Structure formats: structure tokens, C-alpha cells
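Peer 1: What follows is the file run_8.txt, containing compact mmCIF, C-alpha atoms:
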# COMPACT_ATOMS: atom_id res chain seq x y z
CA MET A 148 -12.55 37.86 19.17
CA ARG A 149 -13.76 37.48 15.63
CA GLU A 150 -12.23 35.89 12.58
CA ASP A 151 -11.51 39.34 11.17
CA ASP A 152 -9.36 40.15 14.17
CA LEU A 153 -7.34 37.06 13.52
CA LYS A 154 -6.88 38.02 9.92
CA SER A 155 -5.83 41.56 10.81
CA THR A 156 -3.38 40.12 13.30
CA PHE A 157 -1.82 38.02 10.58
CA GLU A 158 -1.61 41.02 8.31
CA ARG A 159 0.15 43.10 10.93
CA LEU A 160 2.53 40.28 11.54
CA ARG A 161 3.25 40.17 7.83
CA ALA A 162 3.97 43.87 7.79
CA ALA A 163 6.58 43.47 10.50
CA PRO A 164 10.17 43.12 9.29
CA MET A 165 11.27 39.59 8.63
CA PRO A 166 14.72 38.27 9.49
CA VAL A 167 17.19 37.79 6.69
CA ARG A 168 16.61 34.63 4.76
CA GLY A 169 19.52 32.28 5.07
CA LEU A 170 18.37 29.97 2.35
CA THR A 171 18.86 30.13 -1.40
CA ALA A 172 17.64 28.05 -4.29
CA ASP A 173 21.18 26.88 -5.00
CA ASP A 174 21.42 25.45 -1.50
CA ILE A 175 18.22 23.50 -2.04
CA ILE A 176 19.38 22.26 -5.45
CA SER A 177 22.75 21.13 -4.13
CA SER A 178 21.06 19.38 -1.21
CA GLY A 179 18.63 17.72 -3.60
CA GLU A 180 21.45 16.50 -5.80
CA ALA A 181 23.20 15.05 -2.77
CA VAL A 182 20.02 13.32 -1.67
CA ARG A 183 19.50 11.88 -5.14
CA LYS A 184 23.08 10.65 -5.30
CA ARG A 185 22.75 9.05 -1.88
CA ARG A 186 19.48 7.38 -2.83
CA ARG A 187 20.97 6.06 -6.06
CA THR A 188 23.98 4.66 -4.21
CA MET A 189 21.73 3.06 -1.64
CA ALA A 190 19.60 1.52 -4.37
CA VAL A 191 22.62 0.04 -6.15
CA VAL A 192 24.15 -1.29 -2.94
CA GLY A 193 20.81 -2.62 -1.76
CA SER A 194 20.07 -4.44 -4.98
CA GLY A 195 23.56 -5.93 -5.02
CA VAL A 196 23.31 -7.11 -1.44
CA GLY A 197 19.87 -8.52 -2.11
CA THR A 198 21.00 -10.42 -5.18
CA THR A 199 24.01 -11.82 -3.34
CA ALA A 200 21.82 -12.89 -0.44
CA VAL A 201 19.41 -14.68 -2.75
CA VAL A 202 22.23 -16.51 -4.54
CA VAL A 203 23.88 -17.54 -1.27
CA ALA A 204 20.56 -18.72 0.11
CA ALA A 205 19.88 -20.79 -3.01
CA VAL A 206 23.34 -22.39 -2.90
CA LEU A 207 22.99 -23.18 0.79
CA ALA A 208 19.56 -24.63 0.27
CA LEU A 209 20.82 -26.93 -2.47
CA ALA A 210 23.88 -27.98 -0.48
CA LEU A 211 22.00 -28.70 2.71
CA LYS A 212 19.17 -30.50 1.03
CA PRO A 213 19.12 -34.17 2.27
CA GLY A 214 20.13 -36.52 -0.56
CA GLY A 215 20.24 -33.70 -2.97
CA ALA A 216 23.94 -33.82 -3.79
CA PRO A 217 26.15 -36.99 -3.92
CA ASN A 218 28.86 -37.38 -1.31
CA GLY A 219 31.72 -38.45 -3.60
CA PRO A 220 32.63 -38.50 -7.26
CA VAL A 221 30.68 -40.90 -9.38
CA ASP A 222 32.44 -43.25 -11.82
CA PRO A 223 31.28 -43.07 -15.38
CA ALA A 224 29.13 -45.91 -16.58
CA GLY A 225 30.88 -48.65 -18.63
CA PRO A 226 30.06 -52.02 -20.19
CA SER A 227 29.32 -54.74 -17.68
CA SER A 228 31.64 -57.80 -17.49
CA THR A 229 28.90 -60.45 -17.44
CA SER A 230 26.16 -60.73 -19.95
CA SER A 231 22.86 -62.15 -19.10
CA VAL A 232 20.18 -63.28 -21.47
CA GLN A 233 16.71 -62.87 -20.37
CA LYS A 234 14.58 -65.94 -20.88
CA PRO A 235 10.99 -65.52 -21.70
CA VAL A 236 8.87 -66.30 -18.77
CA GLU A 237 6.87 -69.49 -19.33
CA VAL A 238 3.53 -69.64 -17.81
CA PRO A 239 2.66 -73.22 -16.74
CA PRO A 240 -0.67 -74.38 -18.03
CA SER A 241 -3.12 -74.57 -15.26
CA THR A 242 -5.37 -77.58 -15.18
CA THR A 243 -7.86 -76.19 -12.80
CA PRO A 244 -9.09 -72.74 -13.44
CA SER A 245 -8.45 -70.43 -10.72
CA PRO A 246 -11.33 -68.63 -9.22
CA SER A 247 -10.02 -65.42 -10.51
CA SER A 248 -9.53 -66.72 -14.07
CA PRO A 249 -12.27 -66.00 -16.49
CA VAL A 250 -14.79 -68.77 -16.71
CA GLU A 251 -15.59 -70.08 -20.10
CA PRO A 252 -19.10 -69.33 -20.98
CA SER A 253 -21.48 -72.21 -20.96
CA PRO A 254 -23.36 -73.05 -24.10
CA SER A 255 -26.57 -72.07 -22.47
CA THR A 256 -25.37 -68.57 -21.85
CA SER A 257 -23.46 -68.10 -25.09
CA MET A 258 -26.17 -69.26 -27.31
CA PRO A 259 -29.03 -66.98 -27.99
CA PRO A 260 -32.17 -68.00 -26.25
CA ALA A 261 -34.32 -70.16 -28.38
CA PRO A 262 -38.03 -69.76 -28.53
CA PHE A 263 -40.15 -72.15 -26.61
CA THR A 264 -42.35 -72.97 -29.50
CA THR A 265 -41.23 -74.13 -32.87
CA PRO A 266 -42.06 -71.93 -35.78
CA PRO A 267 -45.09 -73.02 -37.63
CA SER A 268 -43.19 -73.21 -40.89
CA ALA A 269 -40.86 -75.85 -39.61
CA PRO A 270 -41.46 -79.32 -40.86
CA PRO A 271 -43.22 -81.51 -38.38
CA PRO A 272 -40.85 -83.72 -36.49
CA SER A 273 -41.23 -87.33 -35.86
CA THR A 274 -42.63 -86.69 -32.50
CA PRO A 275 -46.32 -86.70 -32.18
CA PRO A 276 -48.15 -83.41 -32.25
CA GLY A 277 -48.54 -81.73 -28.94
CA SER A 278 -44.93 -81.95 -27.86
CA THR A 279 -43.51 -78.49 -27.38
CA SER A 280 -39.82 -79.19 -27.35
CA ALA A 281 -37.45 -80.49 -29.95
CA PRO A 282 -34.65 -82.85 -28.92
CA ASP A 283 -31.94 -80.71 -30.56
CA GLU A 284 -32.91 -77.50 -28.77
CA PRO A 285 -31.52 -77.82 -25.30
CA ALA A 286 -32.11 -74.24 -24.35
CA ALA A 287 -35.85 -74.62 -24.52
CA THR A 288 -35.83 -77.71 -22.39
CA SER A 289 -33.29 -76.44 -19.94
CA THR A 290 -35.83 -74.15 -18.40
CA THR A 291 -38.36 -76.87 -18.00
CA SER A 292 -36.01 -79.62 -16.93
CA HIS A 293 -35.11 -80.39 -13.38
CA GLY A 294 -32.06 -78.87 -11.86
CA THR A 295 -29.26 -81.45 -11.98
CA THR A 296 -30.22 -83.66 -14.84
CA PRO A 297 -28.59 -83.19 -18.21
CA MET A 298 -30.61 -81.42 -20.75
CA GLY A 299 -30.65 -84.17 -23.28
CA SER A 300 -31.82 -86.75 -20.78
CA ALA A 301 -34.49 -84.41 -19.50
CA SER A 302 -35.99 -84.04 -22.93
CA VAL A 303 -35.77 -87.76 -23.39
CA ALA A 304 -37.51 -88.22 -20.10
CA VAL A 305 -40.25 -85.90 -21.20
CA THR A 306 -40.77 -87.76 -24.40
CA GLN A 307 -40.74 -91.03 -22.59
CA THR A 308 -43.41 -89.93 -20.20
CA ARG A 309 -45.53 -88.92 -23.10
CA MET B 208 20.42 13.02 -13.37
CA THR B 209 20.09 16.78 -13.43
CA ASP B 210 17.22 18.42 -15.22
CA PRO B 211 18.32 21.95 -16.16
CA THR B 212 14.79 22.94 -17.13
CA TRP B 213 13.44 21.92 -13.77
CA ASN B 214 16.34 23.58 -11.98
CA ALA B 215 15.59 26.88 -13.67
CA GLU B 216 11.88 26.56 -12.98
CA PHE B 217 12.53 25.65 -9.38
CA THR B 218 14.85 28.62 -8.91
CA ARG B 219 12.24 30.97 -10.31
CA HIS B 220 9.52 29.46 -8.16
CA PHE B 221 11.71 29.62 -5.07
CA ASP B 222 12.49 33.30 -5.58
CA LEU B 223 8.81 34.05 -5.99
CA THR B 224 7.37 32.12 -3.09
CA ALA B 225 10.11 31.64 -0.54
CA ASP B 226 9.18 34.64 1.60
CA SER B 227 5.50 33.81 1.56
CA MET B 228 6.20 30.23 2.55
CA ARG B 229 8.54 31.38 5.26
CA PHE B 230 5.87 33.54 6.74
CA THR B 231 3.32 30.76 6.52
CA ALA B 232 5.75 28.47 8.27
CA TYR B 233 6.34 31.18 10.84
CA LEU B 234 2.65 31.44 11.56
CA LEU B 235 2.50 27.69 11.91
CA CYS B 236 5.64 27.16 13.96
CA GLY B 237 5.85 30.29 16.03
CA ASN B 238 9.54 31.01 15.58
CA TRP B 239 11.73 31.79 12.64
CA HIS B 240 14.28 29.08 13.20
CA GLU B 241 11.82 26.26 13.03
CA ALA B 242 10.07 28.00 10.18
CA GLU B 243 13.34 28.08 8.27
CA ASP B 244 13.84 24.37 8.80
CA VAL B 245 10.30 23.56 7.72
CA VAL B 246 10.62 25.67 4.60
CA GLN B 247 13.94 24.12 3.70
CA ALA B 248 12.54 20.60 4.11
CA ALA B 249 9.46 21.52 2.11
CA PHE B 250 11.40 23.00 -0.79
CA LEU B 251 13.74 20.04 -0.77
CA LYS B 252 10.75 17.72 -1.09
CA LEU B 253 9.42 19.87 -3.89
CA TYR B 254 12.73 19.79 -5.71
CA LEU B 255 12.96 16.01 -5.47
CA ALA B 256 9.38 15.53 -6.57
CA GLY B 257 9.50 18.09 -9.35
CA PRO B 258 10.72 15.88 -12.24
CA LYS B 259 7.92 13.43 -11.48
CA LEU B 260 5.18 16.06 -11.56
CA ALA B 261 2.87 15.76 -14.53
CA LYS B 262 1.53 19.30 -14.25
CA ARG B 263 3.48 22.16 -12.77
CA ASP B 264 0.93 24.88 -13.03
CA GLY B 265 -0.16 24.67 -9.37
CA LEU B 266 3.25 24.76 -7.79
CA THR B 267 2.36 27.42 -5.23
CA ALA B 268 -0.56 25.51 -3.80
CA TYR B 269 1.47 22.33 -3.89
CA THR B 270 4.34 23.98 -2.04
CA ARG B 271 1.94 25.32 0.58
CA LYS B 272 0.54 21.86 1.06
CA ILE B 273 4.04 20.48 1.52
CA VAL B 274 4.86 23.19 4.06
CA VAL B 275 1.75 22.51 6.12
CA ARG B 276 2.19 18.77 6.06
CA THR B 277 5.89 19.04 6.88
CA PHE B 278 5.01 21.21 9.86
CA ILE B 279 2.42 18.72 11.11
CA GLY B 280 4.85 15.87 10.64
CA GLU B 281 7.58 17.74 12.49
CA ARG B 282 5.22 18.45 15.37
CA ARG B 283 4.28 14.79 15.49
CA ARG B 284 7.92 13.83 15.71
CA MET B 285 8.70 16.59 18.15
CA ARG B 286 6.64 14.82 20.77
CA TRP B 287 9.38 12.21 21.04
CA ARG B 288 12.29 14.63 20.99
CA ARG B 289 14.02 15.90 24.04
CA GLU B 290 15.33 19.07 22.47
CA LYS B 291 13.02 21.82 21.40
CA LEU B 292 13.98 24.48 18.92
CA THR B 293 13.81 28.00 20.21
CA ASP B 294 14.45 31.30 18.62
CA SER B 295 17.22 32.26 21.01
CA PRO B 296 19.39 30.49 23.57
CA PRO B 297 17.52 30.13 26.85
CA GLU B 298 20.29 31.65 28.91
CA MET B 299 20.18 34.91 27.00
CA PRO B 300 17.42 37.42 27.46
CA SER B 301 15.24 37.81 24.46
CA GLY B 302 16.18 40.97 22.64
CA GLY B 303 13.90 43.65 21.44
CA GLU B 304 14.55 42.88 17.80
CA HIS B 305 12.07 40.03 17.44
CA VAL B 306 9.22 41.72 19.22
CA GLU B 307 6.66 39.73 17.26
CA ASP B 308 7.44 36.76 19.45
CA ARG B 309 5.70 38.58 22.22
CA LEU B 310 2.54 39.08 20.33
CA VAL B 311 -0.45 38.25 22.35
CA VAL B 312 -2.28 36.45 19.66
CA TRP B 313 0.85 34.62 19.05
CA GLN B 314 1.05 33.41 22.58
CA ALA B 315 -2.57 32.48 22.48
CA MET B 316 -2.06 30.51 19.31
CA SER B 317 0.81 28.63 20.81
CA VAL B 318 -1.57 26.62 22.92
CA LEU B 319 -3.43 25.38 19.89
CA GLY B 320 -2.67 22.06 18.36
CA ALA B 321 -0.78 21.78 15.11
CA ARG B 322 -3.84 20.96 13.05
CA GLN B 323 -5.94 23.70 14.59
CA ARG B 324 -3.23 26.22 13.93
CA ALA B 325 -2.81 25.02 10.38
CA VAL B 326 -6.54 25.31 9.81
CA LEU B 327 -6.61 28.86 11.13
CA VAL B 328 -3.61 29.92 9.09
CA LEU B 329 -4.93 28.42 5.88
CA ARG B 330 -8.46 29.68 6.37
CA PHE B 331 -7.75 33.22 7.64
CA TRP B 332 -4.38 34.03 6.17
CA HIS B 333 -4.43 32.29 2.82
CA ASP B 334 -8.19 32.71 2.46
CA LEU B 335 -8.67 29.12 1.42
CA SER B 336 -12.11 27.62 1.35
CA VAL B 337 -13.11 24.74 3.55
CA GLU B 338 -12.65 22.31 0.68
CA GLU B 339 -9.23 23.68 -0.24
CA THR B 340 -8.13 23.55 3.38
CA ALA B 341 -9.34 19.99 3.67
CA SER B 342 -7.44 19.08 0.53
CA ALA B 343 -4.27 20.74 1.80
CA LEU B 344 -4.47 19.01 5.15
CA GLY B 345 -5.65 15.68 3.83
CA CYS B 346 -8.78 15.53 5.96
CA THR B 347 -12.52 15.95 5.56
CA THR B 348 -14.38 19.22 5.38
CA GLY B 349 -16.11 18.38 8.63
CA THR B 350 -12.76 18.12 10.37
CA VAL B 351 -11.76 21.52 8.99
CA LYS B 352 -14.96 23.10 10.28
CA SER B 353 -14.69 21.58 13.71
CA GLN B 354 -10.99 22.38 14.06
CA SER B 355 -11.59 25.95 12.95
CA ALA B 356 -14.46 26.45 15.39
CA ARG B 357 -12.51 24.97 18.27
CA GLY B 358 -9.43 27.03 17.46
CA VAL B 359 -11.31 30.30 17.35
CA ALA B 360 -13.16 29.41 20.54
CA THR B 361 -9.88 28.71 22.29
CA LEU B 362 -8.46 32.03 21.14
CA ARG B 363 -11.55 33.84 22.35
CA GLN B 364 -11.33 32.15 25.68
CA ARG B 365 -7.66 32.92 26.13
CA LEU B 366 -7.70 36.48 24.86
CA GLY B 367 -11.05 37.55 26.18
CA PRO B 368 -11.83 41.19 26.68
CA GLN B 369 -8.21 42.15 27.29
CA TYR B 370 -7.38 41.44 23.67
CA ALA B 371 -7.70 45.04 22.49
CA ASP B 372 -5.49 46.45 25.24
CA LEU B 373 -2.85 43.81 24.76
CA TRP B 374 -2.85 44.33 21.04
CA GLN B 375 -2.29 48.06 21.47
CA GLU B 376 0.63 47.35 23.72
CA VAL B 377 2.17 44.95 21.27
CA SER B 378 1.66 47.34 18.40
CA ARG B 379 3.33 50.11 20.33
CA ARG B 380 6.35 47.94 21.00
CA ALA B 381 6.56 46.80 17.42
Please go through the file and, once you have read it, give me the structure as C-alpha cells.

Peer 2:
Amino acid sequence: MREDDLKSTFERLRAAPMPVRGLTADDIISSGEAVRKRRRTMAVVGSGVGTTAVVVAAVLALALKPGGAPNGPVDPAGPSSTSSVQKPVEVPPSTTPSPSSPVEPSPSTSMPPAPFTTPPSAPPPSTPPGSTSAPDEPAATSTTSHGTTPMGSASVAVTQTR
Amino acid sequence: MTDPTWNAEFTRHFDLTADSMRFTAYLLCGNWHEAEDVVQAAFLKLYLAGPKLAKRDGLTAYTRKIVVRTFIGERRRMRWRREKLTDSPPEMPSGGEHVEDRLVVWQAMSVLGARQRAVLVLRFWHDLSVEETASALGCTTGTVKSQSARGVATLRQRLGPQYADLWQEVSRRA
């Protein structure tokens, strides 16, 4: 069997008498209008039901939320019967600084570091030449002095040894 | 919302193509009753989709596509149905009026699948190309070629050399 035989078969079938058509365009149009009307009704009903369901769900969610809504009516707020004056809080002066309080800076740290040698333009002190430290410059002597002795006494000790 | 322009155009298109679509559906389905149902469903889909169509110049091809796809969809659903549509009640003997039901080729085509039959009808009755057939069926051109080759091979196998004698007998009865 070839493809031409199939085509000729179809043509002979087409030439055979067809049964009477029981379908008209008006039937299709009326059916289409009914389908459209039904779809429109379904859309309206569906959207209404959906909107109602969303609203009911939102109301239920708010009502069943724990602590969301108060149990009873709440009285309006009014003036209180007792008046209280707030006193300023006094902070007692602390004698001993707490470890967390800021420590006052020591003079050695607050003062700018002084040079070890006196400028050459300075007038010569009363000390004999060769001494490198002045008595009124504790920062310079603090580095050369011993650990626990006061600065002034250290410089005095130096001068005394000389 | 009725569109009188579309209603008039649809009526004109229906009067022009209804018989052709009926015959196409008959070739696909194998009996006039099912063909009538398929054509009615197809034209109803066309009527509902008509106002949304941007271009209405290819209505005939579009209607044919709807008919073929409606037929394939009906066959897919028919698998799960218990009732099967027949041309005449089973308890009555088939009359001599619808002799085309006894066509040999027709009986041979009844064993083909829905897609194979649709491919054969579109290719050899409507003279569509492979690409047009693929577009109408919503498949690839390779599928059209393979389905067409398998369908013709099945017909050859079933009809065989007795095809000419059987065809003469059918023609004589018709």
C-alpha cells in the first residue's frame, strides 16, 4: 500500500454521502453564551467566597492570637490621687576611686616629655657644669632615678653624690 | 458580553467549514456520532476564543488544529471511560446505509493510535507539510515523520495484498 492509495481512499470516502448535519451555528453560539454566563457566575461567586474566607481567616487569627486582644473593657486613664515628686539622685562622693573609675593622669604622663639635655641658650644654672639634669625638671630625672624614690629627692641625691 | 461582529463572522466561518471539519473528524474518529461531538466541542472552543484572537485570517487552520487536538484529548480521556460511543446501538444490526463503516481501510486504520491517525489524515488528506502537521499536533517534525512511517507500515501490514480485492468489494457495496 502506498501513500497515494491512502489519499485516494480518503477521497472516495469524501465522495460518499454524509449524514445530515445536526448542528448549526446558532446552537454553538447559544451554547457559548451559556458557557460564558456560567463562567462569569462562577468567577463572581468564587471571588466573593475567597474574599469572605480571607476576611474570616484574618478575624480568627487576630482573635485567637495570644495576648493580642484584652479580655475585658479597659477603664479610661484619669489623674492619679497621690502625687509624687521625684528627688534628684545624689551621688555620694567616693573617697577611694573605684577600679573602674577613670584614674587621674599623673603629672609625668600629662606633661610633655622634656628633653634630657638643657638647651644651650638657657642660662647656666648654679650647678656646676657637667650636670645634665635641672632640679625643676622632674621628667628628665624620673627616667634616671630609681624606682620608688621621689623624683625631687632623686635629683637631690644625684647632686649630692656629685 | 456578546460581540455581534464576531457572531456574524463565526456564523459565516461555520457555514463554510463545518462539513470539511466534520469529515476530518470522521476520518479521525471513525464514526459520525463521535465526529459530531468532536466538531461541536471544537467549534465551541473556537467561539469562546474568538474575541481574544488578535488575527482572524487563519481561522480554518486554527479550527482544524482545534479539531485534531480535541480528538486526541477525547481519546486520552476515553481510556478511562466505561462507555464507548458507537454509530448504532449494539443490539441492532448495522444497516446498509452507512456502508463506509465497513471500509477496509477504515477498519485497518482503527487499529492505529490517535496520533498516528491524526498524522495520516493531516498529511494525506489535508496535504499539510511535515512542519504544518507538527505545528497542528504540537510535536516535533521528527515525531511526525516517525508516526507517519509507522502508520503507513501498519496499514501495509494489515491490508497486504488483499487490499485491492477488498477495496473493490467495498466500492461495489457503496

Peer 1: Show me, as a PDB file with C-alpha atoms, keeping the file's coordinate frame, the residues of chain A whose atoms get within 12 Å of chain B, using all atoms listed in the file for the distance check.

Peer 2:
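The file below, part-v6.pdb, is the result:
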ATOM      1  CA  MET A 148     -12.550  37.860  19.170  1.00  0.00           C
ATOM      2  CA  ARG A 149     -13.760  37.480  15.630  1.00  0.00           C
ATOM      3  CA  GLU A 150     -12.230  35.890  12.580  1.00  0.00           C
ATOM      4  CA  ASP A 151     -11.510  39.340  11.170  1.00  0.00           C
ATOM      5  CA  ASP A 152      -9.360  40.150  14.170  1.00  0.00           C
ATOM      6  CA  LEU A 153      -7.340  37.060  13.520  1.00  0.00           C
ATOM      7  CA  LYS A 154      -6.880  38.020   9.920  1.00  0.00           C
ATOM      8  CA  SER A 155      -5.830  41.560  10.810  1.00  0.00           C
ATOM      9  CA  THR A 156      -3.380  40.120  13.300  1.00  0.00           C
ATOM     10  CA  PHE A 157      -1.820  38.020  10.580  1.00  0.00           C
ATOM     11  CA  GLU A 158      -1.610  41.020   8.310  1.00  0.00           C
ATOM     12  CA  ARG A 159       0.150  43.100  10.930  1.00  0.00           C
ATOM     13  CA  LEU A 160       2.530  40.280  11.540  1.00  0.00           C
ATOM     14  CA  ARG A 161       3.250  40.170   7.830  1.00  0.00           C
ATOM     15  CA  ALA A 162       3.970  43.870   7.790  1.00  0.00           C
ATOM     16  CA  ALA A 163       6.580  43.470  10.500  1.00  0.00           C
ATOM     17  CA  PRO A 164      10.170  43.120   9.290  1.00  0.00           C
ATOM     18  CA  MET A 165      11.270  39.590   8.630  1.00  0.00           C
ATOM     19  CA  PRO A 166      14.720  38.270   9.490  1.00  0.00           C
ATOM     20  CA  VAL A 167      17.190  37.790   6.690  1.00  0.00           C
ATOM     21  CA  ARG A 168      16.610  34.630   4.760  1.00  0.00           C
ATOM     22  CA  GLY A 169      19.520  32.280   5.070  1.00  0.00           C
ATOM     23  CA  LEU A 170      18.370  29.970   2.350  1.00  0.00           C
ATOM     24  CA  THR A 171      18.860  30.130  -1.400  1.00  0.00           C
ATOM     25  CA  ALA A 172      17.640  28.050  -4.290  1.00  0.00           C
ATOM     26  CA  ASP A 173      21.180  26.880  -5.000  1.00  0.00           C
ATOM     27  CA  ASP A 174      21.420  25.450  -1.500  1.00  0.00           C
ATOM     28  CA  ILE A 175      18.220  23.500  -2.040  1.00  0.00           C
ATOM     29  CA  ILE A 176      19.380  22.260  -5.450  1.00  0.00           C
ATOM     30  CA  SER A 177      22.750  21.130  -4.130  1.00  0.00           C
ATOM     31  CA  SER A 178      21.060  19.380  -1.210  1.00  0.00           C
ATOM     32  CA  GLY A 179      18.630  17.720  -3.600  1.00  0.00           C
ATOM     33  CA  GLU A 180      21.450  16.500  -5.800  1.00  0.00           C
ATOM     34  CA  ALA A 181      23.200  15.050  -2.770  1.00  0.00           C
ATOM     35  CA  VAL A 182      20.020  13.320  -1.670  1.00  0.00           C
ATOM     36  CA  ARG A 183      19.500  11.880  -5.140  1.00  0.00           C
ATOM     37  CA  LYS A 184      23.080  10.650  -5.300  1.00  0.00           C
ATOM     38  CA  ARG A 186      19.480   7.380  -2.830  1.00  0.00           C
ATOM     39  CA  ARG A 187      20.970   6.060  -6.060  1.00  0.00           C
TER      40      ARG A 187
END

Peer 1: How many Å separate atom CA of B:Thr361 from atom CA of B:Ile273?

Peer 2: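 The value is 26.3 Å.
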
Peer 1: Which value, in Å to one decimal, gives the distance between atom CA of B:Val275 and atom CA of B:Thr212?

Peer 2: 26.7 Å

Peer 1: Kindly give the distance, in Å, that separates atom CA of B:Asp210 and atom CA of B:Gly257, rounded to a single decimal.

Peer 2: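 Pair atom CA of B:Asp210 / atom CA of B:Gly257 returns 9.7 Å.
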
Peer 1: May I ask which of the residues B:Met285, B:Ala315, B:Ala242, B:Ile279 is the closest one to B:Leu344, counting all atoms listed in the file?

Peer 2: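 That would be B:Ile279, the residue with the smallest distance to B:Leu344.
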
Peer 1: Which protein, DNA or RNA residues are at most 8 Å from (7.1, 22.2, 11.8) in the file's coordinates when you count all atoms listed in the file, listed as a list in words?

Peer 2: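 I get Ala232, Leu235, Cys236, Glu241, Ala242, Asp244, Val245, Val275, Thr277, Phe278, Ile279, Gly280, Glu281 and Arg282 of chain B for the residues within 8 Å of that point.
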
Peer 1: Hey, could you pull the box centre and edge lengths for stretch 256-269 of chain B, axis-aligned, 8 Å padding per side, all listed atoms, to one decimal in Å, as AutoDock Vina command-line options?

Peer 2:
--center_x 5.1 --center_y 20.4 --center_z -9.2 --size_x 27.3 --size_y 30.0 --size_z 26.7
